[in-house]
$ cat input.tsv   # TSV, C-alpha atoms and all ligand atoms
chain	number	residue	atom	x	y	z
N	238	MET	CA	26.09	-50.14	20.22
N	239	GLN	CA	29.64	-51.41	19.84
N	240	ASN	CA	28.54	-54.10	17.28
N	241	LEU	CA	26.89	-51.59	15.00
N	242	SER	CA	28.74	-49.82	12.26
N	243	PRO	CA	29.16	-46.10	13.05
N	244	GLU	CA	26.84	-45.29	10.15
N	245	ILE	CA	23.97	-47.44	11.47
N	246	ALA	CA	24.54	-46.24	15.03
N	247	ALA	CA	24.22	-42.67	13.82
N	248	ARG	CA	20.95	-43.53	12.08
N	249	VAL	CA	19.56	-45.21	15.20
N	250	VAL	CA	20.45	-42.14	17.25
N	251	ALA	CA	18.75	-39.89	14.66
N	252	MET	CA	15.63	-42.07	14.75
N	253	LEU	CA	15.49	-41.96	18.53
N	254	LEU	CA	15.77	-38.18	18.40
N	255	ILE	CA	12.88	-37.98	15.92
N	256	ILE	CA	10.69	-40.27	18.04
N	257	GLY	CA	11.51	-38.16	21.09
N	258	ALA	CA	10.57	-34.97	19.24
N	259	GLN	CA	7.30	-36.52	18.06
N	260	ALA	CA	6.43	-37.58	21.59
N	261	GLN	CA	7.02	-34.02	22.73
N	262	ALA	CA	4.96	-32.54	19.90
N	263	ALA	CA	1.91	-34.75	20.64
N	264	PRO	CA	-0.65	-32.60	22.50
N	265	LYS	CA	-0.84	-33.37	26.18
N	266	ARG	CA	-4.13	-35.01	27.17
N	267	VAL	CA	-5.69	-32.74	29.75
N	268	VAL	CA	-8.58	-34.18	31.70
N	269	THR	CA	-10.12	-31.94	34.33
N	270	THR	CA	-12.58	-33.44	36.76
N	271	TRP	CA	-15.91	-31.91	37.63
N	272	PRO	CA	-16.49	-29.52	39.35
N	273	THR	CA	-13.08	-28.15	38.37
N	274	SER	CA	-13.67	-25.36	35.91
N	275	PRO	CA	-12.83	-26.45	32.36
N	276	GLY	CA	-11.44	-23.03	31.42
N	277	ALA	CA	-12.39	-21.34	28.16
N	278	ALA	CA	-13.68	-23.27	25.13
N	279	PRO	CA	-11.19	-23.47	22.23
N	280	PRO	CA	-12.22	-21.68	18.99
N	281	THR	CA	-14.59	-23.68	16.74
N	282	THR	CA	-12.20	-24.58	13.91
N	283	PRO	CA	-12.90	-27.20	11.19
N	284	ASP	CA	-10.38	-29.41	13.03
N	285	LEU	CA	-12.32	-29.20	16.26
N	286	LEU	CA	-15.62	-29.94	14.51
N	287	GLU	CA	-14.09	-32.93	12.74
N	288	LEU	CA	-12.81	-34.29	16.06
N	289	GLY	CA	-16.23	-33.63	17.60
N	290	ALA	CA	-18.01	-35.58	14.87
N	291	ARG	CA	-15.62	-38.49	15.47
N	292	VAL	CA	-16.16	-38.47	19.24
N	293	TYR	CA	-19.92	-38.27	18.65
N	294	ARG	CA	-19.91	-41.25	16.29
N	295	GLY	CA	-17.78	-43.22	18.73
N	296	ALA	CA	-19.47	-42.41	22.02
N	297	CYS	CA	-22.85	-40.72	21.64
N	298	VAL	CA	-24.65	-41.77	18.45
N	299	GLY	CA	-26.10	-45.03	19.84
N	300	CYS	CA	-28.21	-43.09	22.31
N	301	HIS	CA	-28.55	-39.56	20.91
N	302	GLY	CA	-28.99	-40.69	17.28
N	303	GLU	CA	-27.54	-39.80	13.87
N	304	LYS	CA	-29.60	-36.61	13.74
N	305	GLY	CA	-29.06	-35.77	17.39
N	306	ASP	CA	-32.78	-36.15	18.03
N	307	GLY	CA	-32.42	-38.52	21.00
N	308	VAL	CA	-33.76	-41.58	19.23
N	309	GLY	CA	-30.59	-43.56	18.58
N	310	ARG	CA	-30.62	-47.31	18.14
N	311	GLU	CA	-30.21	-48.04	21.85
N	312	GLY	CA	-31.47	-44.66	23.01
N	313	LYS	CA	-35.03	-45.36	22.04
N	314	PHE	CA	-35.26	-48.18	24.58
N	315	LEU	CA	-34.13	-46.12	27.57
N	316	ALA	CA	-36.79	-45.33	30.19
N	317	ILE	CA	-35.51	-41.74	30.36
N	318	PRO	CA	-35.00	-40.68	26.74
N	319	PRO	CA	-31.63	-39.20	25.74
N	320	ARG	CA	-31.79	-35.49	25.12
N	321	ASP	CA	-33.08	-34.34	21.73
N	322	PHE	CA	-30.37	-31.86	20.68
N	323	THR	CA	-32.42	-30.47	17.76
N	324	THR	CA	-34.55	-28.28	20.03
N	325	GLY	CA	-31.59	-26.52	21.64
N	326	GLN	CA	-33.29	-27.05	25.00
N	327	PHE	CA	-31.14	-28.34	27.85
N	328	ILE	CA	-32.18	-29.17	31.35
N	329	ILE	CA	-28.89	-28.20	33.02
N	330	ARG	CA	-28.07	-24.56	32.34
N	331	SER	CA	-26.80	-21.54	34.20
N	332	THR	CA	-28.88	-19.43	31.78
N	333	PRO	CA	-32.58	-18.51	32.16
N	334	LEU	CA	-35.40	-20.91	31.28
N	335	GLY	CA	-35.84	-20.98	27.51
N	336	ALA	CA	-32.32	-19.66	26.73
N	337	LEU	CA	-29.50	-21.62	25.15
N	338	PRO	CA	-26.96	-23.06	27.61
N	339	LEU	CA	-23.36	-21.88	27.96
N	340	ASP	CA	-20.74	-24.19	26.45
N	341	ALA	CA	-19.47	-24.70	30.00
N	342	ASP	CA	-22.90	-26.04	31.04
N	343	LEU	CA	-22.77	-28.67	28.29
N	344	PHE	CA	-19.15	-29.46	29.15
N	345	GLY	CA	-20.20	-30.08	32.76
N	346	SER	CA	-23.07	-32.43	31.88
N	347	ILE	CA	-20.85	-34.51	29.60
N	348	ARG	CA	-17.95	-34.69	32.08
N	349	ARG	CA	-20.14	-35.28	35.13
N	350	GLY	CA	-22.83	-37.48	33.58
N	351	PHE	CA	-26.24	-38.05	35.09
N	352	ARG	CA	-26.93	-40.75	37.68
N	353	PRO	CA	-26.53	-44.32	36.38
N	354	GLY	CA	-30.31	-44.92	36.37
N	355	VAL	CA	-30.66	-42.21	33.72
N	356	GLY	CA	-28.24	-43.72	31.20
N	357	MET	CA	-26.15	-40.61	30.51
N	358	PRO	CA	-22.61	-41.78	31.40
N	359	ALA	CA	-19.89	-39.58	32.91
N	360	PHE	CA	-17.31	-39.18	30.15
N	361	THR	CA	-14.24	-39.11	32.35
N	362	PHE	CA	-12.00	-40.74	29.72
N	363	LEU	CA	-12.34	-38.00	27.10
N	364	SER	CA	-9.71	-35.25	27.14
N	365	ASP	CA	-10.90	-31.67	27.71
N	366	ARG	CA	-10.35	-30.98	24.00
N	367	GLU	CA	-12.48	-33.99	23.03
N	368	VAL	CA	-15.31	-32.82	25.29
N	369	TRP	CA	-15.13	-29.26	23.86
N	370	ALA	CA	-15.10	-30.79	20.38
N	371	VAL	CA	-18.22	-32.87	20.96
N	372	VAL	CA	-19.90	-29.81	22.50
N	373	ALA	CA	-19.18	-27.91	19.26
N	374	HIS	CA	-20.52	-30.84	17.25
N	375	LEU	CA	-23.76	-31.26	19.18
N	376	LYS	CA	-24.47	-27.55	18.72
N	377	THR	CA	-24.69	-28.20	14.95
N	378	PHE	CA	-27.86	-30.27	15.47
N	379	SER	CA	-29.99	-27.23	16.32
N	380	PRO	CA	-30.21	-24.14	14.09
N	381	ARG	CA	-30.83	-22.13	17.25
N	382	PHE	CA	-27.10	-22.06	18.00
N	383	LYS	CA	-26.52	-20.16	14.72
N	384	ALA	CA	-29.44	-17.79	15.17
N	385	GLU	CA	-29.28	-16.99	18.89
N	386	LYS	CA	-26.69	-16.13	21.48
N	387	PRO	CA	-26.62	-18.25	24.66
N	388	GLY	CA	-28.44	-16.57	27.48
N	389	THR	CA	-26.57	-14.53	30.06
N	390	ALA	CA	-25.82	-16.65	33.09
N	391	VAL	CA	-28.24	-15.85	35.90
N	392	ASP	CA	-26.76	-14.44	39.07
N	393	LEU	CA	-25.64	-17.42	41.14
N	394	PRO	CA	-24.26	-16.04	44.42
N	395	ALA	CA	-22.16	-18.09	46.87
N	396	PRO	CA	-24.16	-20.03	49.50
N	397	PRO	CA	-24.84	-18.02	52.68
N	398	ALA	CA	-22.79	-19.10	55.72
N	399	GLN	CA	-25.91	-19.75	57.80
N	400	LEU	CA	-27.49	-22.01	55.13
N	401	ALA	CA	-28.43	-24.87	57.49
N	402	SER	CA	-30.53	-22.55	59.70
N	403	MET	CA	-32.66	-21.55	56.68
N	404	ALA	CA	-34.23	-25.01	56.23
N	405	PRO	CA	-37.45	-24.44	58.25
N	406	ALA	CA	-38.23	-21.27	56.27
N	407	GLY	CA	-37.53	-23.28	53.11
N	408	GLN	CA	-40.17	-25.82	54.06
N	409	GLY	CA	-42.63	-22.92	54.24
N	410	VAL	CA	-41.74	-21.74	50.72
N	411	PHE	CA	-41.95	-25.34	49.49
N	412	MET	CA	-45.54	-25.58	50.70
N	413	SER	CA	-46.71	-22.07	49.78
N	414	GLY	CA	-44.85	-19.53	47.58
N	415	GLY	CA	-43.09	-22.11	45.41
N	416	ALA	CA	-45.92	-24.68	45.44
N	417	CYS	CA	-43.21	-27.28	44.89
N	418	PHE	CA	-45.27	-29.93	46.71
N	419	VAL	CA	-47.78	-30.02	43.83
N	420	CYS	CA	-45.21	-31.98	41.82
N	421	HIS	CA	-42.62	-33.10	44.36
N	422	GLY	CA	-45.08	-34.16	47.11
N	423	MET	CA	-45.66	-32.97	50.69
N	424	GLN	CA	-42.51	-34.79	51.86
N	425	GLY	CA	-40.55	-34.07	48.68
N	426	LYS	CA	-40.50	-37.69	47.61
N	427	GLY	CA	-41.53	-36.96	44.02
N	428	ASP	CA	-45.12	-38.08	44.52
N	429	GLY	CA	-47.19	-34.88	44.47
N	430	PRO	CA	-50.76	-34.81	43.10
N	431	ALA	CA	-49.56	-33.52	39.69
N	432	ALA	CA	-46.67	-36.03	39.40
N	433	PRO	CA	-48.41	-38.82	37.44
N	434	GLY	CA	-49.43	-36.46	34.64
N	435	LEU	CA	-46.04	-34.73	34.08
N	436	VAL	CA	-44.63	-35.09	30.55
N	437	TYR	CA	-41.82	-33.59	28.44
N	438	VAL	CA	-43.09	-30.39	26.89
N	439	SER	CA	-41.15	-30.36	23.61
N	440	GLY	CA	-38.85	-32.15	21.21
N	441	ALA	CA	-38.82	-35.79	20.16
N	442	HIS	CA	-39.98	-36.80	23.65
N	443	LEU	CA	-43.03	-34.55	23.74
N	444	GLY	CA	-45.75	-36.21	25.79
N	445	LYS	CA	-43.52	-38.89	27.36
N	446	LYS	CA	-43.63	-39.08	31.13
N	447	VAL	CA	-40.97	-37.32	33.22
N	448	PRO	CA	-41.15	-38.01	36.97
N	449	PRO	CA	-40.31	-35.17	39.37
N	450	ALA	CA	-37.06	-35.66	41.32
N	451	ASN	CA	-37.16	-37.35	44.71
N	452	LEU	CA	-35.70	-34.53	46.80
N	453	HIS	CA	-34.40	-36.99	49.42
N	454	ARG	CA	-32.00	-38.32	46.77
N	455	ALA	CA	-29.76	-35.35	46.00
N	456	ASP	CA	-27.26	-37.94	44.74
N	457	THR	CA	-29.62	-38.48	41.78
N	458	PHE	CA	-29.90	-34.82	40.78
N	459	LYS	CA	-28.83	-34.35	37.18
N	460	GLY	CA	-27.22	-30.98	37.78
N	461	GLY	CA	-25.26	-32.08	40.87
N	462	ARG	CA	-25.97	-32.13	44.61
N	463	ARG	CA	-23.95	-29.20	45.96
N	464	PRO	CA	-26.03	-26.33	47.42
N	465	GLU	CA	-24.99	-24.13	44.47
N	466	ASP	CA	-26.15	-26.85	42.01
N	467	ILE	CA	-29.55	-27.09	43.71
N	468	PHE	CA	-29.88	-23.29	43.84
N	469	ARG	CA	-29.13	-23.14	40.10
N	470	ALA	CA	-31.71	-25.84	39.24
N	471	ILE	CA	-34.39	-23.99	41.23
N	472	SER	CA	-33.40	-20.65	39.66
N	473	THR	CA	-33.13	-21.63	35.98
N	474	GLY	CA	-35.50	-24.62	35.82
N	475	LEU	CA	-35.05	-27.72	33.69
N	476	ASP	CA	-35.89	-26.71	30.13
N	477	GLY	CA	-38.04	-29.10	28.09
N	478	THR	CA	-39.48	-30.61	31.29
N	479	PRO	CA	-42.31	-29.24	33.48
N	480	MET	CA	-39.80	-28.10	36.16
N	481	PRO	CA	-40.14	-24.29	36.10
N	482	GLY	CA	-37.40	-21.74	36.83
N	483	PHE	CA	-38.05	-19.57	39.87
N	484	ALA	CA	-35.48	-16.79	39.34
N	485	ALA	CA	-38.26	-14.28	38.63
N	486	SER	CA	-40.93	-15.44	41.07
N	487	LEU	CA	-38.86	-16.19	44.21
N	488	SER	CA	-36.22	-13.98	45.84
N	489	VAL	CA	-32.59	-15.07	46.18
N	490	GLU	CA	-33.23	-15.59	49.89
N	491	GLN	CA	-36.28	-17.77	49.27
N	492	ARG	CA	-34.30	-19.88	46.79
N	493	TRP	CA	-31.52	-20.39	49.37
N	494	GLN	CA	-34.17	-21.30	51.94
N	495	LEU	CA	-35.52	-23.95	49.55
N	496	THR	CA	-31.97	-25.16	48.89
N	497	ALA	CA	-31.38	-25.45	52.65
N	498	PHE	CA	-34.62	-27.42	53.02
N	499	ILE	CA	-33.61	-29.89	50.28
N	500	VAL	CA	-30.10	-30.24	51.75
N	501	SER	CA	-31.72	-31.00	55.15
N	502	LEU	CA	-33.67	-33.91	53.61
N	503	ASN	CA	-30.41	-35.60	52.60
N	504	PRO	CA	-27.51	-37.26	54.42
N	505	PRO	CA	-24.29	-35.18	54.47
N	506	ALA	CA	-22.63	-34.75	51.08
N	507	PRO	CA	-19.49	-36.75	50.27
N	508	PRO	CA	-16.12	-34.95	50.66
N	509	ALA	CA	-15.39	-32.01	48.35
N	510	GLY	CA	-13.76	-32.93	45.06
N	511	THR	CA	-15.97	-35.98	44.45
N	512	THR	CA	-18.88	-35.76	42.07
N	513	GLY	CA	-21.52	-36.83	44.54
N	514	ALA	CA	-23.11	-38.99	41.82
N	515	ALA	CA	-24.84	-42.18	42.93
N	516	PRO	CA	-22.47	-45.17	42.83
U	1	LIG	C1	-26.23	-44.86	27.03
U	1	LIG	C2	-26.91	-43.73	26.46
U	1	LIG	C3	-26.19	-42.40	26.29
U	1	LIG	C4	-24.95	-42.15	25.75
U	1	LIG	C5	-23.97	-43.15	25.20
U	1	LIG	C6	-24.79	-40.73	25.78
U	1	LIG	N1	-25.88	-40.12	26.33
U	1	LIG	FE1	-26.12	-38.13	26.63
U	1	LIG	N2	-27.90	-38.50	27.56
U	1	LIG	C7	-28.48	-39.74	27.70
U	1	LIG	C8	-29.68	-39.61	28.52
U	1	LIG	C9	-30.62	-40.72	28.89
U	1	LIG	C10	-29.78	-38.25	28.86
U	1	LIG	C11	-30.77	-37.64	29.83
U	1	LIG	C12	-31.88	-36.86	29.29
U	1	LIG	C13	-32.73	-36.32	30.41
U	1	LIG	O1	-32.50	-36.57	31.59
U	1	LIG	O2	-33.66	-35.59	30.07
U	1	LIG	C14	-28.66	-37.58	28.22
U	1	LIG	C15	-28.41	-36.22	28.30
U	1	LIG	C16	-27.36	-35.57	27.67
U	1	LIG	C17	-27.16	-34.14	27.69
U	1	LIG	C18	-28.15	-33.22	28.26
U	1	LIG	C19	-27.86	-32.27	29.27
U	1	LIG	C20	-29.01	-31.35	29.50
U	1	LIG	O3	-28.79	-30.44	30.28
U	1	LIG	O4	-30.13	-31.48	28.97
U	1	LIG	C21	-26.03	-33.87	26.95
U	1	LIG	C22	-25.40	-32.53	26.69
U	1	LIG	C23	-25.53	-35.15	26.49
U	1	LIG	N3	-26.36	-36.15	26.95
U	1	LIG	C24	-24.41	-35.29	25.70
U	1	LIG	C25	-23.88	-36.53	25.36
U	1	LIG	C26	-22.65	-36.69	24.63
U	1	LIG	C27	-21.82	-35.55	24.06
U	1	LIG	C28	-22.44	-38.03	24.52
U	1	LIG	C29	-21.24	-38.72	23.93
U	1	LIG	C30	-19.92	-38.25	24.34
U	1	LIG	C31	-23.54	-38.71	25.18
U	1	LIG	N4	-24.40	-37.76	25.67
U	1	LIG	C32	-23.68	-40.07	25.28
U	1	LIG	C33	-28.01	-40.93	27.22
U	1	LIG	C34	-26.76	-41.12	26.65
U	2	LIG	C1	-44.92	-28.57	37.54
U	2	LIG	C2	-44.17	-29.51	38.31
U	2	LIG	C3	-43.00	-29.04	39.15
U	2	LIG	C4	-42.96	-28.01	40.06
U	2	LIG	C5	-44.07	-27.05	40.45
U	2	LIG	C6	-41.64	-28.03	40.63
U	2	LIG	N1	-40.90	-29.03	40.08
U	2	LIG	FE1	-38.97	-29.51	40.55
U	2	LIG	N2	-38.95	-30.93	39.09
U	2	LIG	C7	-40.03	-31.29	38.31
U	2	LIG	C8	-39.63	-32.34	37.39
U	2	LIG	C9	-40.52	-33.02	36.39
U	2	LIG	C10	-38.26	-32.59	37.64
U	2	LIG	C11	-37.35	-33.62	36.96
U	2	LIG	C12	-36.96	-33.27	35.55
U	2	LIG	C13	-35.97	-34.24	34.97
U	2	LIG	O1	-35.54	-35.17	35.65
U	2	LIG	O2	-35.60	-34.05	33.81
U	2	LIG	C14	-37.87	-31.69	38.72
U	2	LIG	C15	-36.58	-31.64	39.27
U	2	LIG	C16	-36.23	-30.88	40.37
U	2	LIG	C17	-34.93	-30.90	41.01
U	2	LIG	C18	-33.73	-31.73	40.57
U	2	LIG	C19	-32.76	-30.94	39.73
U	2	LIG	C20	-31.69	-31.78	39.10
U	2	LIG	O3	-30.55	-31.27	38.98
U	2	LIG	O4	-31.95	-32.92	38.68
U	2	LIG	C21	-34.99	-30.04	42.08
U	2	LIG	C22	-33.89	-29.75	43.07
U	2	LIG	C23	-36.31	-29.48	42.10
U	2	LIG	N3	-37.05	-30.00	41.04
U	2	LIG	C24	-36.78	-28.58	43.04
U	2	LIG	C25	-38.01	-27.92	42.95
U	2	LIG	C26	-38.41	-26.87	43.87
U	2	LIG	C27	-37.63	-26.39	45.06
U	2	LIG	C28	-39.66	-26.45	43.45
U	2	LIG	C29	-40.51	-25.32	43.99
U	2	LIG	C30	-39.86	-24.02	44.07
U	2	LIG	C31	-40.01	-27.27	42.29
U	2	LIG	N4	-39.00	-28.14	42.03
U	2	LIG	C32	-41.20	-27.16	41.61
U	2	LIG	C33	-41.29	-30.74	38.36
U	2	LIG	C34	-41.68	-29.68	39.15
$ encode --input "input.tsv" --output "structure tokens"
Amino acid sequence: MQNLSPEIAARVVAMLLIIGAQAQAAPKRVVTTWPTSPGAAPPTTPDLLELGARVYRGACVGCHGEKGDGVGREGKFLAIPPRDFTTGQFIIRSTPLGALPLDADLFGSIRRGFRPGVGMPAFTFLSDREVWAVVAHLKTFSPRFKAEKPGTAVDLPAPPAQLASMAPAGQGVFMSGGACFVCHGMQGKGDGPAAPGLVYVSGAHLGKKVPPANLHRADTFKGGRRPEDIFRAISTGLDGTPMPGFAASLSVEQRWQLTAFIVSLNPPAPPAGTTGAAP
């Protein structure tokens, strides 16, 4: 700086200090990966809602639509329709069938995405705050979020150590107590006798076909492929679709047996820390 007058040099130094302070003041972008827990949701302030509306317009509206009813400009052409947020029904929940999801459930679906064939991308580039913001925004599409409390999360215990040995018993439940084969097929390939007639049961997609999952493709499961994800799907069901929740009709042990059976139909899961989503 020897060519600058002392006065200008002082100004440059002051400017650099201000820029430095601004850089420090800017909120740090925190991006947690699934299945890392996202922590607690920030309070729903006008600021957060405004950010959420912006994220929604930028990243979601084309599929989920201006009114959040799942019939956006591109969304209406997708084979699997984007979720209709106006019903307050979500397929991936840790809460009982029919109850509202926890914010953390919605956070997980947005961060993790559904398999590529479904069209719901994994939003790995949004910061945690942006995901929480868009969660707050999408809750404004259904009056249910004002009127009701989210359900209490159902009891989701840790997988038993001897899970693998429970698979044969699980096949028994699959064919009898759970009657899963009626929809998912004798071999679990998604081709049971009831499969061709299965349709969404509510919302903008009422009456459109929804095929049962192929249980040999855990990598395509919308709620994730880990044993605890499968156990949760069986327990709470997929709301708005014909997939029932079995928390009331099957014991915890029977649901682990079914989980073990489904795990046994699949090749080993990828290493921990990866999403397990189909490439
Ligand atoms: C390219 C289309 C597309 C875009 C863009 C998109 N979605 Fe989706 N979304 C879908 C589809 C398809 C589904 C699957 C519905 C199903 O399987 O029943 C879905 C499902 C969801 C679900 C449902 C989870 C559940 O348990 O029912 C949530 C929440 C969601 N999207 C939020 C968002 C948010 C927030 C954005 C923007 C940040 C977004 N989506 C962008 C297509 C899209
Ligand atoms: C009435 C038909 C029906 C019955 C009975 C049924 N399912 Fe399903 N199941 C479905 C449909 C439909 C889907 C896919 C919904 C979707 O993709 O939105 C599904 C999805 C699933 C999934 C994938 C979850 C995910 O995260 O994507 C699993 C696992 C599953 N079912 C297991 C079972 C088991 C185990 C039983 C028996 C205890 C069972 N299902 C009984 C219709 C059924």
$ residues_around --input "input.tsv" --residues "N:Lys459" --least-positions-apart "5" --cutoff "9 Å" --atoms "only C-alpha atoms" --output "PyMOL selection string"
chain N and resi 328-329+346+349-352+355+514
$ residues_near_ligand --input "input.tsv" --ligand "ligand LIG 1 (chain U)" --cutoff "7 Å" --atoms "all atoms listed in the file" --output "VMD selection string"
chain N and resid 292 to 293 296 to 301 312 315 317 to 320 326 to 330 343 346 to 347 351 355 to 358 360 371 to 372 375
$ residues_near_ligand --input "input.tsv" --ligand "ligand LIG 2 (chain U)" --cutoff "6 Å" --atoms "only C-alpha atoms and all ligand atoms" --output "PyMOL selection string"
chain N and resi 411+415-417+419-420+447-450+458-461+467+470-471+478-480+495
$ write_last_selection --input "input.tsv" --atoms "C-alpha atoms" --output "short mmCIF file (atom, residue, chain, number, x, y, z; two decimals), in the frame of the given file"
data_model
loop_
_atom_site.label_atom_id
_atom_site.label_comp_id
_atom_site.auth_asym_id
_atom_site.auth_seq_id
_atom_site.Cartn_x
_atom_site.Cartn_y
_atom_site.Cartn_z
CA PHE N 411 -41.95 -25.34 49.49
CA GLY N 415 -43.09 -22.11 45.41
CA ALA N 416 -45.92 -24.68 45.44
CA CYS N 417 -43.21 -27.28 44.89
CA VAL N 419 -47.78 -30.02 43.83
CA CYS N 420 -45.21 -31.98 41.82
CA VAL N 447 -40.97 -37.32 33.22
CA PRO N 448 -41.15 -38.01 36.97
CA PRO N 449 -40.31 -35.17 39.37
CA ALA N 450 -37.06 -35.66 41.32
CA PHE N 458 -29.90 -34.82 40.78
CA LYS N 459 -28.83 -34.35 37.18
CA GLY N 460 -27.22 -30.98 37.78
CA GLY N 461 -25.26 -32.08 40.87
CA ILE N 467 -29.55 -27.09 43.71
CA ALA N 470 -31.71 -25.84 39.24
CA ILE N 471 -34.39 -23.99 41.23
CA THR N 478 -39.48 -30.61 31.29
CA PRO N 479 -42.31 -29.24 33.48
CA MET N 480 -39.80 -28.10 36.16
CA LEU N 495 -35.52 -23.95 49.55
#
$ residues_around --input "input.tsv" --residues "N:Thr282" --least-positions-apart "6" --cutoff "12 Å" --atoms "all atoms listed in the file" --output "ChimeraX atom specification"
/N:288-289,369-370,373-374
$ write_last_selection --input "input.tsv" --atoms "C-alpha atoms" --output "compact mmCIF listing (two decimals), in the frame of the given file"
# COMPACT_ATOMS: atom_id res chain seq x y z
CA LEU N 288 -12.81 -34.29 16.06
CA GLY N 289 -16.23 -33.63 17.60
CA TRP N 369 -15.13 -29.26 23.86
CA ALA N 370 -15.10 -30.79 20.38
CA ALA N 373 -19.18 -27.91 19.26
CA HIS N 374 -20.52 -30.84 17.25
$ closest_residue --input "input.tsv" --among "N:Ala441, N:Ala406, N:Ser472, N:Pro338" --to "N:Lys313" --atoms "all atoms listed in the file"
N:Ala441
$ atom_distance --input "input.tsv" --atom1 "atom CA of N:Met423" --atom2 "atom CA of N:Glu490"
21.4 Å
$ atom_distance --input "input.tsv" --atom1 "atom CA of N:His442" --atom2 "atom CA of N:Gly477"
9.1 Å
